[in-house]
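Trainee: Next comes work.cif, mmCIF, C-alpha atoms and all ligand atoms:
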```cif
data_work
#
loop_
_atom_site.label_atom_id
_atom_site.label_comp_id
_atom_site.auth_asym_id
_atom_site.auth_seq_id
_atom_site.Cartn_x
_atom_site.Cartn_y
_atom_site.Cartn_z
CA LYS A 1 26.92 -7.08 -36.38
CA HIS A 2 23.16 -6.48 -36.54
CA PHE A 3 20.24 -8.79 -36.52
CA ARG A 4 16.55 -8.13 -36.77
CA VAL A 5 14.38 -8.97 -33.81
CA ALA A 6 10.60 -8.96 -33.85
CA GLY A 7 9.64 -5.75 -32.20
CA HIS A 8 6.40 -4.04 -31.49
CA ARG A 9 3.57 -5.06 -33.88
CA ARG A 10 1.84 -1.81 -34.74
CA SER A 11 -1.51 -1.93 -36.69
CA GLN A 12 -0.87 -3.80 -39.96
CA GLY A 13 2.79 -3.26 -40.41
CA ARG A 14 5.55 -4.70 -38.38
CA ILE A 15 8.40 -2.63 -37.22
CA SER A 16 11.49 -4.36 -36.21
CA MET A 17 13.95 -3.04 -33.80
CA GLN A 18 17.50 -3.12 -34.96
CA MET A 19 19.30 -4.20 -31.88
CA GLU A 20 22.96 -3.60 -32.13
CA VAL A 21 24.66 -6.60 -30.73
CA ASP A 22 27.76 -5.63 -28.88
CA LYS A 23 30.83 -6.17 -31.07
CA SER A 24 32.26 -8.48 -28.47
CA SER A 25 29.44 -10.96 -28.99
CA LYS A 26 31.94 -12.89 -31.07
CA GLN A 27 33.63 -13.64 -27.77
CA ARG A 28 30.52 -15.27 -26.33
CA ASP A 29 31.17 -18.86 -25.36
CA ASN A 30 28.31 -20.80 -26.96
CA SER A 31 29.48 -24.04 -25.42
CA LYS A 32 28.09 -22.97 -22.06
CA PRO A 33 24.32 -23.02 -21.44
CA ARG A 34 22.86 -19.55 -21.50
CA GLN A 35 22.20 -18.27 -18.03
CA THR A 36 19.40 -15.76 -17.70
CA HIS A 37 19.82 -15.22 -13.96
CA ILE A 38 23.10 -14.38 -12.27
CA SER A 39 24.70 -15.60 -9.07
CA PRO A 40 25.02 -13.40 -5.96
CA GLU A 41 28.78 -13.37 -6.50
CA LEU A 42 28.47 -11.98 -10.01
CA ALA A 43 25.73 -9.59 -8.90
CA ASN A 44 27.99 -8.05 -6.28
CA GLN A 45 30.98 -8.01 -8.63
CA ALA A 46 28.75 -6.18 -11.15
CA ILE A 47 27.97 -3.53 -8.56
CA ASN A 48 31.62 -2.78 -7.98
CA ASP A 49 32.34 -2.79 -11.71
CA ALA A 50 29.30 -0.60 -12.37
CA ILE A 51 30.66 1.98 -9.96
CA THR A 52 33.98 1.87 -11.82
CA TYR A 53 32.19 2.23 -15.17
CA SER A 54 30.40 5.25 -13.74
CA GLY A 55 33.71 6.95 -13.01
CA GLY A 56 33.49 5.99 -9.35
CA ASP A 57 30.43 8.17 -8.84
CA VAL A 58 27.64 6.13 -7.25
CA VAL A 59 25.13 8.94 -7.83
CA VAL A 60 25.79 8.86 -11.60
CA MET A 61 25.25 5.12 -11.55
CA ALA A 62 22.15 5.44 -9.37
CA ARG A 63 20.66 7.96 -11.82
CA THR A 64 21.23 5.55 -14.74
CA CYS A 65 19.56 2.73 -12.80
CA ALA A 66 16.72 5.05 -11.78
CA SER A 67 16.11 6.08 -15.39
CA GLY A 68 15.72 2.48 -16.52
CA PHE A 69 13.57 1.66 -13.50
CA CYS A 70 11.23 4.59 -14.27
CA ASP A 71 10.97 3.49 -17.93
CA ALA A 72 9.74 0.13 -16.70
CA LEU A 73 7.38 1.57 -14.07
CA GLN A 74 5.91 3.97 -16.63
CA GLN A 75 5.17 1.10 -19.04
CA CYS A 76 2.97 -0.46 -16.37
CA TYR A 77 1.58 2.51 -14.49
CA GLY A 78 1.39 5.57 -16.75
CA SER A 79 1.31 9.00 -15.13
CA GLU A 80 -2.10 9.49 -16.71
CA GLU A 81 -3.43 6.59 -14.60
CA ILE A 82 -1.59 6.96 -11.33
CA SER A 83 0.41 9.75 -9.76
CA ASP A 84 1.12 9.23 -6.06
CA VAL A 85 4.07 6.90 -5.59
CA PHE A 86 5.42 5.98 -2.13
CA ILE A 87 9.10 5.00 -2.30
CA ALA A 88 10.49 3.01 0.65
CA CYS A 89 14.29 3.45 0.72
CA GLY A 90 16.94 1.56 2.63
CA SER A 91 20.34 2.83 3.68
CA GLY A 92 22.37 1.18 0.91
CA LEU A 93 22.70 1.63 -2.83
CA ASN A 94 19.24 0.20 -3.40
CA GLY A 95 17.87 3.05 -1.32
CA LEU A 96 20.06 5.58 -3.13
CA ILE A 97 18.54 4.45 -6.44
CA GLY A 98 15.11 4.76 -4.81
CA LEU A 99 15.88 8.40 -4.02
CA GLN A 100 16.92 9.03 -7.64
CA VAL A 101 13.74 7.27 -8.77
CA ALA A 102 11.73 9.84 -6.78
CA VAL A 103 13.57 12.72 -8.48
CA GLU A 104 13.10 11.13 -11.93
CA LEU A 105 9.42 10.28 -11.39
CA GLN A 106 8.71 13.85 -10.37
CA LYS A 107 10.27 15.06 -13.65
CA ARG A 108 7.94 12.63 -15.46
CA GLY A 109 4.81 14.08 -13.89
CA TYR A 110 4.29 11.75 -10.92
CA ALA A 111 3.94 12.86 -7.29
CA PRO A 112 6.48 10.78 -5.38
CA ALA A 113 7.11 10.71 -1.63
CA VAL A 114 10.14 9.10 -0.01
CA TYR A 115 10.40 7.08 3.19
CA ALA A 116 13.91 6.62 4.61
CA ALA A 117 14.23 3.70 7.01
CA GLU A 118 17.48 5.04 8.38
CA GLN A 119 20.35 7.37 7.52
CA SER A 120 21.63 6.64 4.02
CA LYS A 121 25.26 5.64 3.55
CA HIS A 122 25.37 7.43 0.21
CA ALA A 123 23.28 10.63 0.20
CA ASN A 124 21.69 13.34 2.30
CA PHE A 125 18.06 12.48 1.64
CA ARG A 126 16.79 15.58 3.39
CA SER A 127 18.73 18.02 1.17
CA VAL A 128 17.93 16.13 -2.06
CA CYS A 129 14.21 15.99 -1.23
CA ASP A 130 14.09 19.61 -0.04
CA GLU A 131 15.82 20.77 -3.23
CA ALA A 132 13.41 18.75 -5.41
CA GLY A 133 10.34 19.60 -3.32
CA ILE A 134 9.67 15.93 -2.57
CA ASP A 135 8.05 14.86 0.73
CA LEU A 136 10.43 12.87 2.94
CA HIS A 137 8.88 10.73 5.69
CA ASP A 138 10.51 8.94 8.60
CA PHE A 139 7.20 7.19 9.32
CA ILE A 140 4.66 5.15 7.35
CA PRO A 141 1.50 7.28 6.93
CA SER A 142 -1.56 5.51 8.36
CA THR A 143 -3.42 6.85 5.32
CA LEU A 144 -0.90 5.27 2.93
CA GLU A 145 -3.48 3.30 0.95
CA PHE A 146 -5.80 6.28 0.75
CA TYR A 147 -3.28 8.76 -0.61
CA TYR A 148 -0.91 6.58 -2.67
CA ASP A 149 -1.44 4.50 -5.80
CA ILE A 150 1.65 2.26 -5.79
CA VAL A 151 4.66 1.53 -3.59
CA VAL A 152 8.27 1.27 -4.75
CA ASP A 153 10.33 -1.23 -2.73
CA ALA A 154 13.87 0.18 -2.63
CA LEU A 155 14.61 -1.07 0.87
CA LEU A 156 16.90 -4.08 0.51
CA GLY A 157 18.64 -5.30 -2.60
CA THR A 158 21.61 -7.57 -3.06
CA GLY A 159 23.03 -6.29 0.19
CA PHE A 160 20.40 -8.18 2.20
CA ASP A 161 22.30 -10.44 4.57
CA GLY A 162 19.71 -13.24 4.51
CA GLY A 163 18.93 -12.87 8.22
CA ASP A 164 15.80 -11.68 10.00
CA ILE A 165 14.81 -8.14 9.19
CA ARG A 166 16.52 -5.87 11.68
CA GLN A 167 14.39 -3.68 13.94
CA GLN A 168 14.86 -0.39 12.09
CA TYR A 169 13.09 -1.92 9.07
CA TRP A 170 10.29 -3.70 10.92
CA THR A 171 7.61 -1.02 10.38
CA VAL A 172 8.24 -0.51 6.69
CA TYR A 173 8.72 -4.22 6.07
CA GLU A 174 5.41 -4.94 7.77
CA MET A 175 3.79 -2.43 5.42
CA LEU A 176 5.42 -4.00 2.38
CA ILE A 177 4.22 -7.50 3.20
CA SER A 178 0.69 -6.43 4.07
CA THR A 179 -0.24 -3.50 1.82
CA ARG A 180 -2.95 -3.95 -0.78
CA LEU A 181 -1.17 -1.45 -3.03
CA ALA A 182 0.79 -2.80 -6.00
CA ILE A 183 4.52 -2.96 -5.26
CA VAL A 184 7.31 -2.38 -7.77
CA SER A 185 10.54 -3.89 -6.43
CA LEU A 186 13.98 -2.59 -7.36
CA ASP A 187 16.51 -5.26 -8.32
CA VAL A 188 15.46 -7.80 -5.68
CA PRO A 189 12.23 -7.89 -3.65
CA SER A 190 13.33 -6.85 -0.15
CA GLY A 191 14.01 -9.80 2.11
CA TRP A 192 14.29 -12.32 -0.74
CA ASP A 193 17.36 -14.56 -0.74
CA LEU A 194 19.54 -13.75 -3.76
CA SER A 195 19.76 -17.40 -4.78
CA THR A 196 16.50 -18.97 -3.66
CA GLY A 197 13.91 -16.19 -3.39
CA PRO A 198 11.63 -15.80 -0.36
CA ARG A 199 13.11 -17.51 2.72
CA LYS A 200 11.34 -20.72 3.77
CA ILE A 201 10.54 -19.25 7.19
CA ASP A 202 8.87 -16.27 5.52
CA VAL A 203 6.96 -18.44 3.06
CA THR A 204 5.67 -20.56 5.95
CA ALA A 205 4.49 -17.45 7.76
CA ASP A 206 3.36 -15.88 4.47
CA SER A 207 5.41 -12.86 5.50
CA PHE A 208 7.31 -12.04 2.33
CA ILE A 209 6.96 -9.30 -0.25
CA LYS A 210 4.95 -10.15 -3.37
CA PRO A 211 5.69 -7.40 -5.89
CA GLU A 212 3.43 -6.98 -8.90
CA VAL A 213 6.40 -5.73 -10.93
CA LEU A 214 10.07 -6.58 -10.52
CA VAL A 215 12.75 -4.44 -12.19
CA SER A 216 16.08 -6.26 -12.14
CA LEU A 217 19.15 -4.10 -12.62
CA GLU A 218 21.32 -5.27 -15.50
CA ALA A 219 20.44 -8.93 -15.04
CA PRO A 220 17.93 -10.96 -13.02
CA LYS A 221 19.29 -12.54 -9.83
CA LEU A 222 18.90 -16.28 -9.29
CA GLY A 223 16.36 -15.73 -6.51
CA SER A 224 14.11 -13.90 -8.97
CA ASN A 225 13.49 -17.17 -10.79
CA VAL A 226 10.49 -17.72 -8.52
CA PHE A 227 9.02 -14.27 -9.18
CA ALA A 228 5.35 -14.76 -10.08
CA GLY A 229 4.10 -11.20 -10.32
CA GLY A 230 2.81 -9.28 -13.30
CA TYR A 231 5.87 -8.08 -15.22
CA HIS A 232 9.59 -8.63 -14.85
CA PHE A 233 11.79 -5.99 -16.49
CA ILE A 234 15.54 -5.68 -16.84
CA ALA A 235 16.83 -2.12 -16.57
CA GLY A 236 20.11 -0.37 -16.24
CA ARG A 237 22.65 0.00 -19.01
CA HIS A 238 25.27 1.07 -16.50
CA LEU A 239 27.45 -1.77 -17.78
CA PRO A 240 28.33 -2.70 -21.39
CA GLN A 241 25.96 -5.33 -22.78
CA SER A 242 28.93 -7.67 -23.26
CA TYR A 243 29.72 -7.58 -19.54
CA PHE A 244 27.66 -10.62 -18.63
CA TRP A 245 28.32 -12.53 -21.84
CA LYS A 246 31.97 -12.87 -20.92
CA ARG A 247 31.18 -14.01 -17.42
CA GLU A 248 28.11 -16.20 -17.40
CA SER A 249 27.20 -16.20 -21.13
CA LEU A 250 24.08 -14.29 -20.27
CA PHE A 251 22.29 -13.40 -23.47
CA ARG A 252 20.32 -10.23 -23.14
CA LEU A 253 19.79 -7.14 -25.24
CA PHE A 254 18.51 -3.70 -24.55
CA PRO A 255 16.53 -2.52 -27.57
CA ALA A 256 18.51 0.23 -29.31
CA ARG A 257 19.21 2.99 -26.77
CA SER A 258 16.46 1.91 -24.42
CA GLN A 259 17.21 1.66 -20.72
CA THR A 260 14.86 -1.26 -20.35
CA ALA A 261 14.15 -4.63 -21.83
CA CYS A 262 11.08 -6.42 -20.62
CA SER A 263 10.42 -10.06 -20.22
CA CYS A 264 6.70 -10.20 -19.90
CA GLN A 265 5.37 -12.51 -17.31
CA VAL A 266 1.75 -11.44 -17.24
CA THR A 267 0.44 -14.06 -14.91
CA ARG A 268 -2.76 -14.64 -12.99
CA PHE A 269 -1.21 -12.63 -10.19
CA ALA A 270 -1.30 -9.44 -12.22
CA SER A 271 -3.80 -6.88 -10.97
CA LYS A 272 -6.83 -5.86 -12.98
CA VAL A 273 -5.14 -2.53 -13.78
CA LEU A 274 -2.11 -4.27 -15.19
CA MET A 275 -4.12 -6.81 -17.14
CA GLU A 276 -6.36 -4.11 -18.62
CA ARG A 277 -3.30 -2.16 -19.64
CA HIS A 278 -1.75 -5.24 -21.19
CA MET A 279 -4.99 -6.34 -22.87
CA GLY A 280 -5.58 -2.73 -23.91
CA ASP A 281 -2.28 -2.77 -25.71
CA LEU A 282 -3.25 -6.03 -27.36
CA ASP A 283 -6.59 -4.52 -28.45
CA ASN A 284 -4.70 -1.67 -30.07
CA SER A 285 -2.73 -4.36 -31.88
CA ILE A 286 0.40 -3.21 -30.12
CA THR A 287 1.91 -6.38 -28.86
CA MET A 288 4.97 -6.35 -26.75
CA THR A 289 7.06 -9.22 -27.97
CA CYS A 290 9.75 -9.45 -25.40
CA GLY A 291 12.55 -11.79 -24.68
CA THR A 292 11.86 -14.49 -22.19
CA ASN A 293 13.99 -14.66 -19.11
N1 LIG A 301 22.97 -5.30 -10.00
C1 LIG A 301 23.65 -4.24 -10.48
O1 LIG A 301 24.16 -4.21 -11.60
C2 LIG A 301 23.76 -3.03 -9.61
C3 LIG A 301 23.02 -2.92 -8.44
N2 LIG A 301 23.08 -1.81 -7.64
C4 LIG A 301 22.25 -1.60 -6.49
O2 LIG A 301 23.04 -1.81 -5.33
C5 LIG A 301 22.27 -2.65 -4.44
C6 LIG A 301 23.22 -3.30 -3.49
O3 LIG A 301 23.72 -2.21 -2.73
P1 LIG A 301 24.20 -2.44 -1.23
O4 LIG A 301 24.39 -1.12 -0.61
O5 LIG A 301 25.35 -3.37 -1.27
O6 LIG A 301 23.03 -3.22 -0.53
P2 LIG A 301 21.54 -2.75 -0.32
O7 LIG A 301 21.20 -1.50 -1.04
O8 LIG A 301 20.73 -3.94 -0.54
O9 LIG A 301 21.61 -2.30 1.22
C7 LIG A 301 21.37 -3.19 2.20
C8 LIG A 301 21.30 -2.33 3.46
O10 LIG A 301 20.49 -3.00 4.34
C9 LIG A 301 21.20 -3.45 5.45
N3 LIG A 301 20.76 -4.81 5.71
C10 LIG A 301 21.28 -5.96 5.23
N4 LIG A 301 20.62 -7.03 5.73
C11 LIG A 301 19.64 -6.52 6.52
C12 LIG A 301 18.63 -7.09 7.34
N5 LIG A 301 18.49 -8.44 7.46
N6 LIG A 301 17.79 -6.26 8.03
C13 LIG A 301 17.95 -4.91 7.95
N7 LIG A 301 18.90 -4.29 7.21
C14 LIG A 301 19.73 -5.11 6.51
C15 LIG A 301 22.66 -3.33 5.08
O11 LIG A 301 23.40 -3.00 6.24
C16 LIG A 301 22.66 -2.20 4.06
O12 LIG A 301 22.80 -0.98 4.73
C17 LIG A 301 21.57 -3.56 -5.42
O13 LIG A 301 20.46 -4.20 -4.90
C18 LIG A 301 21.12 -2.57 -6.46
O14 LIG A 301 19.95 -1.93 -6.08
C19 LIG A 301 24.06 -0.77 -7.93
O15 LIG A 301 23.68 0.44 -7.45
C20 LIG A 301 24.29 -0.66 -9.43
C21 LIG A 301 24.67 -1.97 -10.05
#
```
Rewrite the structure of this file - the entire thing - as structure tokens.
Mentor:
Amino acid sequence: KHFRVAGHRRSQGRISMQMEVDKSSKQRDNSKPRQTHISPELANQAINDAITYSGGDVVVMARTCASGFCDALQQCYGSEEISDVFIACGSGLNGLIGLQVAVELQKRGYAPAVYAAEQSKHANFRSVCDEAGIDLHDFIPSTLEFYYDIVVDALLGTGFDGGDIRQQYWTVYEMLISTRLAIVSLDVPSGWDLSTGPRKIDVTADSFIKPEVLVSLEAPKLGSNVFAGGYHFIAGRHLPQSYFWKRESLFRLFPARSQTACSCQVTRFASKVLMERHMGDLDNSITMTCGTN
């Protein structure tokens, strides 16, 4: 079953992207309202199922997530504009994907560096970085904003327990809430509640992460509803597109074989760089017509 969806408008003509709708779309329950953001329960179930779909190999799954994440990052910050990317990694799967993002960005011509808050539960960061020739830090460089162009937040994802940030993450969390560099958050901005977004205590103290770009994996989490940055992308493809339809009638498509779908939210919070890039695209009559989330 195919249907045509307005795609990129290029000069005079219009191209349309054939988006193959998963055969099981017939099973979608149209009686239920379409959800565009998923619950913490489904998010964590998806993680376990994603590992199964990846043959039980978390590194395979992390590489798929990293590929989609890098597609999204590259649409906003091309390697011709920026190169030095500082990737703050936690000890869980979010951090493992952050490590794979560093490896993938290097292949794409960026100059990534990795910060590991603590020993990963899933990989030997030192050996992966040494093999790839990627700098691995166990400290936050005082010259961060001089040497780096953007920061990737791969510290805490859906495994955040909703409590105060534990001591081993204090330094990097402090950097993330105070840096002037644009932040690209992986799946969930670190420290955001999966259902409600930034915690009230953090909003009151204005001590929460404000990413310019959010890249949700597979589906946006409920807490991302309050995201007000520049762009919100959905990346992943480590689960069949019908996966969410059967569970929360989530309607979302990845264009063709792409790893990313974007739901543009270019808001007043977007930086000048991002706006120029977006407006530049518009000037070249290339308009991203994306789904809305
Ligand atoms: N959504 C999907 O389809 C997929 C998402 N994936 C990624 O997996 C993470 C969730 O992985 P998990 O290891 O369960 O959790 P985190 O990576 O977020 O690790 C949390 C890490 O941090 C510790 N921690 C928890 N609370 C605190 C705190 N208050 N202070 C300090 N440290 C804390 C905890 O002990 C863990 O060690 C998800 O976000 C995605 O990025 C899958 O990889 C693919 C499918």
Trainee: Just need the box for ligand LIG 301 (chain A), edges along x, y and z, holding every atom the file lists for it with 4 Å tacked onto each side, so centre and edge lengths in Å to one decimal, as AutoDock Vina command-line options.
Mentor:
```
--center_x 21.6 --center_y -4.0 --center_z -1.8 --size_x 15.6 --size_y 16.9 --size_z 27.6
```
Trainee: Give the answer as one residue: which of A:Ser242, A:Thr158, A:Thr52, A:Thr171 has the shortest atom-to-atom distance to ligand LIG 301 (chain A), using only C-alpha atoms and all ligand atoms?
Mentor: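 Looking at the shortest contact to ligand LIG 301 (chain A), the residue is A:Thr158.
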Trainee: Which one of A:Lys210, A:Arg199, A:Arg126, A:His238 sits closest to ligand LIG 301 (chain A) if you count only C-alpha atoms and all ligand atoms?
Mentor: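 Using only C-alpha atoms and all ligand atoms, the shortest distance to ligand LIG 301 (chain A) belongs to A:His238.
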Trainee: Could you list the protein, DNA and RNA residues that have any atom within 7 Å of ligand LIG 301 (chain A), counting only C-alpha atoms and all ligand atoms, and write them as a VMD selection string?
Mentor: chain A and resid 43 to 44 46 to 47 50 to 51 58 61 to 62 65 90 to 95 97 155 to 166 168 to 169 186 to 188 217 to 219
Trainee: Would you compute the distance between atom CA of A:Tyr148 and atom CA of A:Ile209? Give it in Å to one decimal.
Mentor: 17.9 Å
Trainee: List the neighbours of A:Asp71 out to 8 Å using all atoms listed in the file; skip same-chain residues closer than 4 positions along the sequence, and give me the result as a ChimeraX atom specification.
Mentor: /A:67,75,259-260
Trainee: Out of A:Asp138, A:Glu41, A:Glu212, A:Asp149, which residue has the shortest atom-to-atom distance to A:Glu81 when counting all atoms listed in the file?
Mentor: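 Closest to A:Glu81, using all atoms listed in the file: A:Asp149.
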Trainee: Identify, on the basis of all atoms listed in the file, every residue whose closest approach to A:Gly68 does not exceed 10 Å; exclude the query and any residue fewer than 2 positions from it along the same chain; express the result as a CSV table (one decimal) with C-alpha atoms, keeping the file's coordinate frame.
Mentor:
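The file below, selection_27.csv, is the result:
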```csv
chain,number,residue,atom,x,y,z
A,63,ARG,CA,20.7,8.0,-11.8
A,64,THR,CA,21.2,5.6,-14.7
A,65,CYS,CA,19.6,2.7,-12.8
A,66,ALA,CA,16.7,5.0,-11.8
A,70,CYS,CA,11.2,4.6,-14.3
A,71,ASP,CA,11.0,3.5,-17.9
A,72,ALA,CA,9.7,0.1,-16.7
A,73,LEU,CA,7.4,1.6,-14.1
A,74,GLN,CA,5.9,4.0,-16.6
A,101,VAL,CA,13.7,7.3,-8.8
A,215,VAL,CA,12.8,-4.4,-12.2
A,216,SER,CA,16.1,-6.3,-12.1
A,217,LEU,CA,19.2,-4.1,-12.6
A,218,GLU,CA,21.3,-5.3,-15.5
A,233,PHE,CA,11.8,-6.0,-16.5
A,234,ILE,CA,15.5,-5.7,-16.8
A,235,ALA,CA,16.8,-2.1,-16.6
A,236,GLY,CA,20.1,-0.4,-16.2
A,237,ARG,CA,22.6,0.0,-19.0
A,238,HIS,CA,25.3,1.1,-16.5
A,258,SER,CA,16.5,1.9,-24.4
A,259,GLN,CA,17.2,1.7,-20.7
A,260,THR,CA,14.9,-1.3,-20.4
A,261,ALA,CA,14.2,-4.6,-21.8
```
Trainee: Rounded to one decimal, what separation in Å do you get between atom CA of A:Leu222 and atom CA of A:Pro198?
Mentor: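 Atom CA of A:Pro198 lies at a distance of 11.5 Å from atom CA of A:Leu222.
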Trainee: Of the candidates A:Asn48, A:Gln119, A:Thr36, A:Ser185, which one gets nearest to A:Val151 if we count only C-alpha atoms?
Mentor: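 Nearest candidate to A:Val151 out of A:Asn48, A:Gln119, A:Thr36, A:Ser185: A:Ser185.
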Trainee: For A:Leu144, which residue among A:Phe227, A:Ala117, A:Val172, A:Ala132 is the nearest when counting all atoms listed in the file?
Mentor: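 Under the stated criterion, the closest residue is A:Val172.
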Trainee: Between A:Leu96, A:Val152, A:Cys76, A:Leu181, which is the closest to A:Ala113 once you count all atoms listed in the file?
Mentor: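 Among A:Leu96, A:Val152, A:Cys76, A:Leu181, it is A:Val152 that comes nearest to A:Ala113.
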Trainee: To one decimal place, how far is atom CA of A:Ala182 from atom CA of A:Ser39 in Å?
Mentor: 27.3 Å
